[in-house]
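Below is target-v1.cif, holding mmCIF, C-alpha atoms.
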data_my_file
loop_
_atom_site.label_atom_id
_atom_site.label_comp_id
_atom_site.auth_asym_id
_atom_site.auth_seq_id
_atom_site.Cartn_x
_atom_site.Cartn_y
_atom_site.Cartn_z
CA ALA A 12 78.25 120.11 94.81
CA GLU A 13 74.99 121.36 96.29
CA PRO A 14 71.96 119.65 94.73
CA TYR A 15 70.29 122.97 93.95
CA ALA A 16 71.29 126.62 93.78
CA VAL A 17 70.32 128.71 96.79
CA PRO A 18 71.29 132.15 98.07
CA ARG A 19 73.51 132.75 101.10
CA SER A 20 72.82 135.36 103.73
CA SER A 21 75.53 137.65 105.08
CA GLY A 22 77.04 137.91 108.54
CA ALA A 23 78.05 135.49 111.25
CA ILE A 24 75.57 132.98 112.62
CA SER A 25 74.95 132.92 116.36
CA ALA A 26 72.79 130.96 118.78
CA GLY A 27 69.24 130.27 117.63
CA SER A 28 69.67 131.50 114.07
CA PHE A 29 67.30 129.07 112.41
CA VAL A 30 65.15 129.77 109.40
CA ASN A 31 62.06 127.80 108.51
CA GLY A 32 61.45 127.59 104.81
CA VAL A 33 61.00 125.44 101.78
CA PRO A 34 63.94 123.54 100.25
CA SER A 35 64.62 126.30 97.73
CA GLU A 36 65.41 128.67 100.62
CA VAL A 37 67.44 126.54 102.98
CA VAL A 38 71.11 127.42 102.51
CA TYR A 39 72.57 130.27 104.54
CA GLN A 40 75.94 131.20 105.86
CA GLY A 41 74.94 129.40 109.00
CA ILE A 42 72.23 127.03 110.09
CA THR A 43 69.36 125.93 107.93
CA THR A 44 65.86 124.94 108.83
CA SER A 45 65.11 121.79 110.78
CA ALA A 46 61.42 121.99 109.85
CA TRP A 47 61.92 120.00 106.66
CA GLY A 48 64.11 117.34 108.29
CA PRO A 49 67.63 116.23 107.40
CA SER A 50 66.59 115.02 103.94
CA TYR A 51 66.40 118.66 102.80
CA ASN A 52 68.84 120.27 105.21
CA ILE A 53 71.96 121.84 103.75
CA ILE A 54 74.39 123.76 105.94
CA THR A 55 76.94 126.07 104.36
CA LEU A 56 79.22 128.13 106.59
CA ASP A 57 81.20 131.10 105.36
CA ASN A 58 81.78 132.59 108.82
CA ALA A 59 81.31 131.36 112.40
CA ALA A 60 78.48 129.37 113.95
CA ASN A 61 78.11 129.10 117.73
CA LEU A 62 75.19 126.89 118.61
CA ASP A 63 72.66 126.87 121.40
CA PRO A 64 71.52 123.29 122.10
CA SER A 65 68.16 124.57 123.38
CA THR A 66 67.28 125.55 119.81
CA ILE A 67 68.21 122.17 118.34
CA ALA A 68 65.78 119.28 118.60
CA GLY A 69 67.36 116.40 120.51
CA GLY A 70 70.62 118.29 120.86
CA THR A 71 71.82 117.01 117.47
CA LEU A 72 72.57 119.27 114.54
CA SER A 73 71.43 117.18 111.56
CA ALA A 74 71.99 117.90 107.90
CA ALA A 75 71.96 116.14 104.57
CA TYR A 76 75.01 118.09 103.38
CA LEU A 77 77.58 120.20 105.26
CA SER A 78 80.10 122.66 103.80
CA VAL A 79 82.49 124.55 106.08
CA ASN A 80 84.36 126.95 103.85
CA THR A 81 87.84 128.40 104.27
CA GLY A 82 87.98 130.55 107.40
CA ALA A 83 84.60 129.37 108.67
CA ILE A 84 84.11 127.73 112.08
CA LEU A 85 81.45 125.28 113.21
CA ASP A 86 81.85 125.41 116.99
CA LEU A 87 80.06 122.75 119.03
CA ASP A 88 82.72 122.94 121.74
CA THR A 89 80.84 124.26 124.76
CA ASP A 90 77.31 123.76 123.52
CA GLY A 91 76.58 120.08 124.12
CA VAL A 92 75.57 119.60 120.48
CA ALA A 93 76.12 116.42 118.49
CA LEU A 94 76.67 116.58 114.73
CA SER A 95 75.14 114.13 112.25
CA VAL A 96 75.57 114.55 108.48
CA THR A 97 73.62 112.06 106.37
CA TYR A 98 75.43 112.52 103.08
CA ASP A 99 78.54 114.49 102.11
CA THR A 100 80.72 116.88 104.12
CA THR A 101 83.33 119.32 102.84
CA ASN A 102 85.55 120.90 105.48
CA ASP A 103 88.01 123.61 104.46
CA GLY A 104 87.69 125.43 107.78
CA THR A 105 87.29 124.27 111.39
CA ILE A 106 84.83 121.87 113.02
CA THR A 107 85.06 121.58 116.80
CA GLY A 108 83.15 118.96 118.79
CA ASP A 109 81.79 119.50 122.28
CA GLY A 110 83.96 116.80 123.87
CA THR A 111 81.13 114.44 124.81
CA ARG A 112 78.57 114.20 121.99
CA PRO A 113 79.37 112.16 118.84
CA ILE A 114 80.27 113.49 115.41
CA THR A 115 79.04 111.30 112.55
CA PHE A 116 79.82 111.83 108.88
CA GLY A 117 77.39 109.44 107.21
CA GLY A 118 78.56 110.03 103.64
CA ASN A 119 81.81 111.05 102.06
CA TYR A 120 84.09 113.49 103.91
CA THR A 121 86.44 115.80 102.00
CA GLY A 122 89.05 118.02 103.64
CA ASN A 123 90.51 119.99 100.74
CA ALA A 124 92.50 122.60 102.63
CA ALA A 125 95.81 121.90 104.32
CA SER A 126 94.61 124.10 107.17
CA ALA A 127 91.37 122.14 107.64
CA THR A 128 90.95 121.13 111.29
CA LEU A 129 88.57 118.73 112.95
CA THR A 130 88.79 118.86 116.73
CA ALA A 131 86.79 116.16 118.45
CA SER A 132 88.35 116.39 121.96
CA GLY A 133 86.60 113.61 123.88
CA THR A 134 83.97 113.15 121.21
CA ASN A 135 83.61 109.85 119.36
CA THR A 136 84.05 110.52 115.64
CA TYR A 137 82.69 108.25 112.91
CA PHE A 138 83.50 108.41 109.19
CA ARG A 139 80.92 106.13 107.54
CA GLY A 140 81.73 106.92 103.91
CA ILE A 141 84.86 107.64 101.90
CA ALA A 142 87.27 110.18 103.38
CA THR A 143 88.96 111.91 100.46
CA ASP A 144 91.84 114.39 100.58
CA LEU A 145 91.75 114.09 104.36
CA ARG A 146 94.55 116.49 105.14
CA GLY A 147 95.20 118.88 107.95
CA THR A 148 94.73 117.79 111.55
CA LEU A 149 92.24 115.61 113.39
CA ASN A 150 92.51 116.42 117.10
CA ALA A 151 90.74 113.43 118.58
CA GLY A 152 91.75 113.77 122.23
CA THR A 153 90.31 110.92 124.29
CA GLY A 154 87.58 110.11 121.80
CA THR A 155 87.31 107.07 119.57
CA VAL A 156 87.96 107.55 115.83
CA THR A 157 86.41 105.05 113.42
CA PHE A 158 86.75 104.93 109.63
CA ASP A 159 84.20 102.56 108.06
CA GLY A 160 84.96 103.61 104.50
CA SER A 161 88.19 104.02 102.59
CA VAL A 162 90.61 106.87 103.29
CA ASN A 163 92.38 108.27 100.26
CA GLN A 164 94.15 111.37 99.03
CA THR A 165 94.09 112.32 95.40
CA LEU A 166 96.95 114.78 94.95
CA THR A 167 99.25 113.63 92.16
CA PRO A 168 101.89 112.83 93.10
CA PRO A 169 100.98 112.68 96.82
CA ALA A 170 104.44 113.78 97.89
CA ALA A 171 104.05 117.03 95.90
CA SER A 172 102.48 118.67 98.94
CA ALA A 173 103.85 118.59 102.47
CA PHE A 174 100.27 119.14 103.59
CA ASN A 175 99.01 115.91 102.08
CA ILE A 176 99.27 114.45 105.57
CA LEU A 177 96.67 113.23 108.03
CA THR A 178 97.79 113.94 111.58
CA VAL A 179 95.63 112.34 114.26
CA ASN A 180 96.36 113.82 117.68
CA LYS A 181 95.02 111.64 120.47
CA THR A 182 95.61 111.35 124.19
CA SER A 183 93.74 108.06 124.59
CA GLY A 184 90.74 106.23 123.12
CA ASP A 185 90.78 103.89 120.14
CA PHE A 186 91.59 104.43 116.45
CA THR A 187 90.03 102.03 113.93
CA VAL A 188 90.10 101.72 110.14
CA ASN A 189 87.58 99.02 109.24
CA THR A 190 87.10 98.44 105.54
CA ASN A 191 88.21 99.21 102.01
CA ALA A 192 91.62 100.92 101.96
CA LEU A 193 93.81 103.48 103.69
CA ASP A 194 95.66 105.26 100.87
CA CYS A 195 97.29 108.52 101.91
CA ALA A 196 100.56 110.39 101.78
CA SER A 197 101.29 110.05 105.50
CA LEU A 198 99.40 108.98 108.60
CA ASN A 199 100.79 110.35 111.86
CA LEU A 200 99.03 108.94 114.92
CA THR A 201 100.28 110.51 118.14
CA THR A 202 98.91 108.11 120.74
CA CYS A 203 95.88 106.01 121.58
CA VAL A 204 94.81 102.99 123.59
CA ASN A 205 94.15 100.51 120.76
CA ALA A 206 94.73 101.05 117.04
CA THR A 207 93.20 98.57 114.61
CA PHE A 208 93.80 98.48 110.87
CA ASN A 209 91.42 96.01 109.23
CA THR A 210 92.40 97.15 105.76
CA ALA A 211 95.42 97.36 103.48
CA ILE A 212 97.52 100.53 103.83
CA THR A 213 99.38 102.38 101.09
CA ALA A 214 101.17 105.55 102.19
CA THR A 215 104.36 107.58 102.09
CA SER A 216 104.83 106.78 105.77
CA ILE A 217 102.97 105.43 108.80
CA SER A 218 103.84 106.41 112.35
CA GLN A 219 102.38 105.86 115.81
CA LEU A 220 104.33 107.72 118.47
CA ALA A 221 102.84 106.01 121.54
CA GLY A 222 100.18 103.50 122.55
CA THR A 223 99.10 101.99 125.84
CA GLY A 224 97.14 99.08 124.36
CA THR A 225 97.33 96.92 121.25
CA THR A 226 98.02 98.05 117.69
CA SER A 227 96.85 95.44 115.18
CA PHE A 228 97.54 95.18 111.46
CA HIS A 229 95.35 92.68 109.60
CA GLU A 230 96.29 93.45 105.98
CA ASN A 231 99.41 94.38 104.02
CA VAL A 232 101.18 97.71 104.61
CA THR A 233 103.24 99.43 101.90
CA THR A 234 105.12 102.73 102.25
CA SER A 235 107.37 104.58 99.81
CA GLY A 236 109.10 107.33 101.83
CA ALA A 237 112.23 107.45 103.98
CA LEU A 238 110.26 107.45 107.25
CA GLY A 239 108.70 104.10 106.39
CA ILE A 240 106.80 102.37 109.19
CA LYS A 241 107.34 103.28 112.86
CA VAL A 242 105.01 101.91 115.52
CA THR A 243 105.18 102.32 119.30
CA ALA A 244 102.62 100.41 121.37
CA ALA A 245 102.46 98.09 124.35
CA THR A 246 101.60 95.21 121.98
CA ILE A 247 101.88 95.08 118.18
CA ASN A 248 99.91 92.31 116.46
CA LEU A 249 100.89 91.25 112.94
CA ASP A 250 98.24 89.08 111.35
CA GLU A 251 99.48 87.09 108.32
CA LEU A 252 100.70 90.01 106.22
CA THR A 253 103.56 91.67 104.41
CA MET A 254 104.98 95.02 105.50
CA THR A 255 107.12 96.77 102.90
CA ALA A 256 109.05 100.00 103.44
CA GLY A 257 110.19 100.27 99.87
CA THR A 258 111.77 102.40 97.13
CA ASP A 259 113.41 105.14 99.27
CA PRO A 260 117.04 104.18 100.05
CA ALA A 261 116.60 105.26 103.68
CA ALA A 262 113.29 103.43 104.25
CA LEU A 263 112.93 101.67 107.59
CA ILE A 264 110.64 99.57 109.77
CA GLU A 265 110.72 100.09 113.53
CA TYR A 266 108.62 98.35 116.19
CA HIS A 267 108.83 99.60 119.74
CA GLY A 268 106.80 97.18 121.83
CA ASN A 269 105.99 93.49 122.20
CA VAL A 270 105.39 91.95 118.75
CA THR A 271 102.99 89.01 118.33
CA LEU A 272 102.54 87.00 115.14
CA THR A 273 98.92 85.91 115.27
CA THR A 274 97.23 83.78 112.58
CA GLY A 275 99.78 83.22 109.82
CA PRO A 276 103.25 83.93 108.40
CA THR A 277 104.52 87.51 108.32
CA SER A 278 107.15 89.19 106.11
CA LEU A 279 109.02 92.42 106.87
CA ASN A 280 110.86 94.17 104.03
CA ALA A 281 112.75 97.47 104.26
CA ILE A 282 115.37 99.04 102.02
CA LYS A 283 117.55 100.37 104.86
CA THR A 284 116.89 99.11 108.40
CA ILE A 285 114.59 96.95 110.48
CA LEU A 286 114.62 97.41 114.26
CA VAL A 287 112.51 95.40 116.70
CA ASP A 288 113.30 96.43 120.27
CA GLY A 289 110.69 94.27 122.02
CA PRO A 290 110.28 90.48 122.18
CA VAL A 291 108.76 88.64 119.19
CA SER A 292 106.32 85.85 119.99
CA GLY A 293 103.76 83.61 118.27
CA PRO A 294 103.62 80.19 116.56
CA GLN A 295 104.02 81.61 113.03
CA ALA A 296 106.89 81.98 110.56
CA LEU A 297 108.71 85.31 110.23
CA THR A 298 110.67 86.37 107.14
CA VAL A 299 112.85 89.49 107.29
CA GLU A 300 114.77 91.28 104.53
CA THR A 301 116.62 94.55 103.97
CA GLY A 302 118.91 95.80 101.24
CA ILE A 303 122.55 94.72 101.23
CA ALA A 304 124.12 98.17 100.89
CA LEU A 305 126.63 99.34 103.48
CA GLY A 306 124.73 100.56 106.55
CA SER A 307 121.68 98.38 106.06
CA ALA A 308 120.90 96.56 109.29
CA ILE A 309 118.46 94.18 110.96
CA THR A 310 118.37 94.22 114.77
CA PHE A 311 116.36 92.19 117.27
CA ALA A 312 117.00 93.73 120.69
CA GLN A 313 114.95 91.24 122.73
CA ALA A 314 114.14 87.54 122.59
CA VAL A 315 112.75 86.11 119.36
CA GLY A 316 110.35 83.25 119.98
CA SER A 317 109.51 84.07 123.59
CA PRO A 318 107.31 83.36 125.42
CA THR A 319 105.87 81.41 122.43
CA PRO A 320 108.43 79.98 119.97
CA LEU A 321 108.13 81.06 116.35
CA ASP A 322 107.45 78.41 113.75
CA ALA A 323 110.58 79.62 111.93
CA ILE A 324 112.65 82.74 111.31
CA THR A 325 114.32 83.43 107.98
CA VAL A 326 116.54 86.41 107.22
CA THR A 327 116.86 86.29 103.45
CA ASN A 328 119.00 89.36 103.01
CA GLY A 329 120.77 91.98 105.05
CA TYR A 330 124.13 93.69 105.46
CA ASP A 331 124.52 93.46 109.24
CA VAL A 332 122.17 91.21 111.24
CA THR A 333 122.17 91.36 115.04
CA PHE A 334 120.43 89.19 117.62
CA GLN A 335 120.82 90.52 121.17
CA ASN A 336 118.80 87.83 122.94
CA ASN A 337 117.71 84.22 122.61
CA VAL A 338 116.09 82.87 119.42
CA THR A 339 113.67 79.92 119.63
CA THR A 340 111.71 78.17 116.90
CA SER A 341 109.60 75.03 116.88
CA GLY A 342 108.94 74.22 113.21
CA LEU A 343 110.76 72.53 110.35
CA GLY A 344 112.02 75.87 108.98
CA GLY A 345 114.18 76.46 112.05
CA ILE A 346 116.58 79.43 111.99
CA ASN A 347 118.07 80.55 108.68
CA VAL A 348 120.06 83.80 108.50
CA THR A 349 121.94 85.29 105.54
CA ALA A 350 124.03 88.47 105.91
CA ALA A 351 126.24 90.19 103.34
CA ASN A 352 128.61 91.37 106.07
CA ILE A 353 128.30 90.25 109.70
CA ILE A 354 125.94 88.21 111.86
CA ASN A 355 126.28 89.48 115.44
CA LEU A 356 125.32 87.08 118.24
CA ASP A 357 125.26 88.79 121.63
CA GLU A 358 125.52 86.26 124.49
CA LEU A 359 122.48 84.18 123.62
CA THR A 360 121.05 80.76 122.89
CA MET A 361 119.66 79.75 119.51
CA THR A 362 117.26 76.78 119.63
CA ALA A 363 115.60 75.18 116.61
CA GLY A 364 113.49 72.89 118.71
CA THR A 365 110.89 70.09 118.67
CA ASP A 366 110.90 69.30 114.94
CA PRO A 367 113.50 66.55 114.42
CA ALA A 368 114.52 67.95 111.03
CA ALA A 369 114.86 71.59 112.11
CA LEU A 370 118.16 73.31 111.29
CA ILE A 371 120.13 76.39 112.27
CA GLU A 372 121.89 77.94 109.26
CA LEU A 373 124.03 81.09 109.44
CA HIS A 374 125.32 82.30 106.08
CA GLY A 375 127.86 85.09 106.56
CA ASN A 376 130.64 86.16 108.90
CA VAL A 377 129.62 85.40 112.47
CA THR A 378 130.80 87.57 115.36
CA LEU A 379 130.32 86.64 119.03
CA THR A 380 130.14 89.95 120.83
CA THR A 381 129.78 90.06 124.64
CA GLY A 382 129.64 86.39 125.63
CA LEU A 383 129.14 82.80 124.61
CA ALA A 384 126.58 81.85 121.97
#
Reformat the file's structure so that it appears as structure tokens.
Amino acid sequence: AEPYAVPRSSGAISAGSFVNGVPSEVVYQGITTSAWGPSYNIITLDNAANLDPSTIAGGTLSAAYLSVNTGAILDLDTDGVALSVTYDTTNDGTITGDGTRPITFGGNYTGNAASATLTASGTNTYFRGIATDLRGTLNAGTGTVTFDGSVNQTLTPPAASAFNILTVNKTSGDFTVNTNALDCASLNLTTCVNATFNTAITATSISQLAGTGTTSFHENVTTSGALGIKVTAATINLDELTMTAGTDPAALIEYHGNVTLTTGPTSLNAIKTILVDGPVSGPQALTVETGIALGSAITFAQAVGSPTPLDAITVTNGYDVTFQNNVTTSGLGGINVTAANIINLDELTMTAGTDPAALIELHGNVTLTTGLA
């Protein structure tokens, strides 16, 4: 809510439409005065605002509060204008960055409308406060996107709206969630260089369609929908955590890329399927589990424990479990696999090495598929 009641003018706002006045006069359908500084500046848009950087001190549009209402457009696209909001932002319309200058939301950011769009292009975008009901689309392009506060959506239940989804469209650049929590219906990340999640994630689903760098998860991830967790990146780091694709009978976990277990043991749990189509490496223990219903499956398409052997691998549950390449461990836990139906070994070597007490245990029907095991 605005801290004090002020009138709005009528009509679209165009270049140079600034009004100097006292705080009781400073909300218009466009740009407010800069004379009183950002502590008093409130910007409320009901229509369109196209900005001329020559009229803006330092080339940065600064405000204490920003409201972009339904149908309104704040267009910085071709104007070379940065945006800096000290406190809260509400976006139910469209905010478009210029492609080079940063966009900084210093306080809480709320995107109430499903149609809300934030297009940053090559701009670096920073969310310093809490991002609430962050729905619609964030078109980040090549810019870096950083969340320093929690991200949450408050629709109850979240799945009640197909629009309770944050879609981040990127062509490159980095995506980072630093602190607090990521709690949303769905996060769809198209592509980036590096993606870093330094916080726990609770969502209906998490997906990254492509990545040329490293995607790192440093806290637990929990999803509830059928799409579960799907990550595609050159390298996927799992840092002493539990990933759970739970409750939905079709829930899955898929990793497309090289998986590294970094600082501690990792657990993967999915109701339906777990697919890892790249090698799994790192001196940590890995525990994997799915449901035991017909059709549930765990598949490792590449080597497990290469180039660095795992401490141990334990499959505690699964219907069909398939290893299509070598499995190597170095710790006491060795290799322990339990399957309700079949354990498929596809022309490979299993080595529970170095520890003199290490064992290989296979509990279930074992099938040797294309060669010797």
### Task
Tell me which residues the PyMOL selection byres ((chain A and resi 208) around 7) grabs here, as a PyMOL selection string.
chain A and resi 187-189+206-207+209-210+227-229
#### Entry: Test item: the PyMOL selection byres ((chain A and resi 375) around 8) resolved as a list of chain:residue names
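Against this file, the PyMOL selection byres ((chain A and resi 375) around 8) returns the residues A:Thr349, A:Ala350, A:Ala351, A:Asn352, A:Ile353, A:Ile354, A:Leu373, A:His374, A:Asn376, A:Val377.
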### Message
Once the PyMOL selection byres ((chain A and resi 255-267) around 7) is applied to the coordinates I shared, what remains selected? I want it as a ChimeraX atom specification.
### Response
/A:232-244,253-254,268,279-289
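Picture a line from CA of Gly222 (chain A) to CA of Ser292 (chain A); it runs 18.9 Å.
When CA of Leu77 (chain A) is paired with CA of Asn102 (chain A), their separation reads 8.0 Å.
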### Selected residue of minimal separation from Pro290 (chain A) among A:Pro367, A:Pro113, A:Gly345, A:Gly316, counting only C-alpha atoms
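Of A:Pro367, A:Pro113, A:Gly345, A:Gly316, the one nearest Pro290 (chain A), counting only C-alpha atoms, is A:Gly316.
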### Query
So what do you get for CA of Asn248 (chain A) versus CA of Gly224 (chain A), distance-wise?
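Result for CA of Asn248 (chain A) versus CA of Gly224 (chain A): 10.8 Å, one decimal.
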Got a sec to check which residues sit within 8 Å of (119.5, 73.7, 107.4), counting only C-alpha atoms, and write them as a PDB file with C-alpha atoms, in the frame of the given file?
ATOM      1  CA  GLY A 344     112.020  75.870 108.980  1.00  0.00           C
ATOM      2  CA  GLY A 345     114.180  76.460 112.050  1.00  0.00           C
ATOM      3  CA  ILE A 346     116.580  79.430 111.990  1.00  0.00           C
ATOM      4  CA  ASN A 347     118.070  80.550 108.680  1.00  0.00           C
ATOM      5  CA  ALA A 369     114.860  71.590 112.110  1.00  0.00           C
ATOM      6  CA  LEU A 370     118.160  73.310 111.290  1.00  0.00           C
ATOM      7  CA  ILE A 371     120.130  76.390 112.270  1.00  0.00           C
ATOM      8  CA  GLU A 372     121.890  77.940 109.260  1.00  0.00           C
TER       9      GLU A 372
END
### Query
If we count only C-alpha atoms, what is near Val326 (chain A) at a cut-off of 6 Å, once residues fewer than 4 positions away on the same chain are taken out, given as a count of residues only?
5
Residues within 10 Å of Thr365 (chain A), all atoms listed in the file, excluding chain neighbours under 3 positions, as a compact mmCIF listing (two decimals) with C-alpha atoms, keeping the file's coordinate frame:
# COMPACT_ATOMS: atom_id res chain seq x y z
CA THR A 340 111.71 78.17 116.90
CA SER A 341 109.60 75.03 116.88
CA GLY A 342 108.94 74.22 113.21
CA LEU A 343 110.76 72.53 110.35
CA GLY A 345 114.18 76.46 112.05
CA THR A 362 117.26 76.78 119.63
CA ALA A 368 114.52 67.95 111.03
CA ALA A 369 114.86 71.59 112.11
### Counting only C-alpha atoms, the residue of A:Thr128, A:Thr71, A:Asp99, A:Asn328 that sits nearest Ile84 (chain A)
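Of A:Thr128, A:Thr71, A:Asp99, A:Asn328, the one nearest Ile84 (chain A), counting only C-alpha atoms, is A:Thr128.
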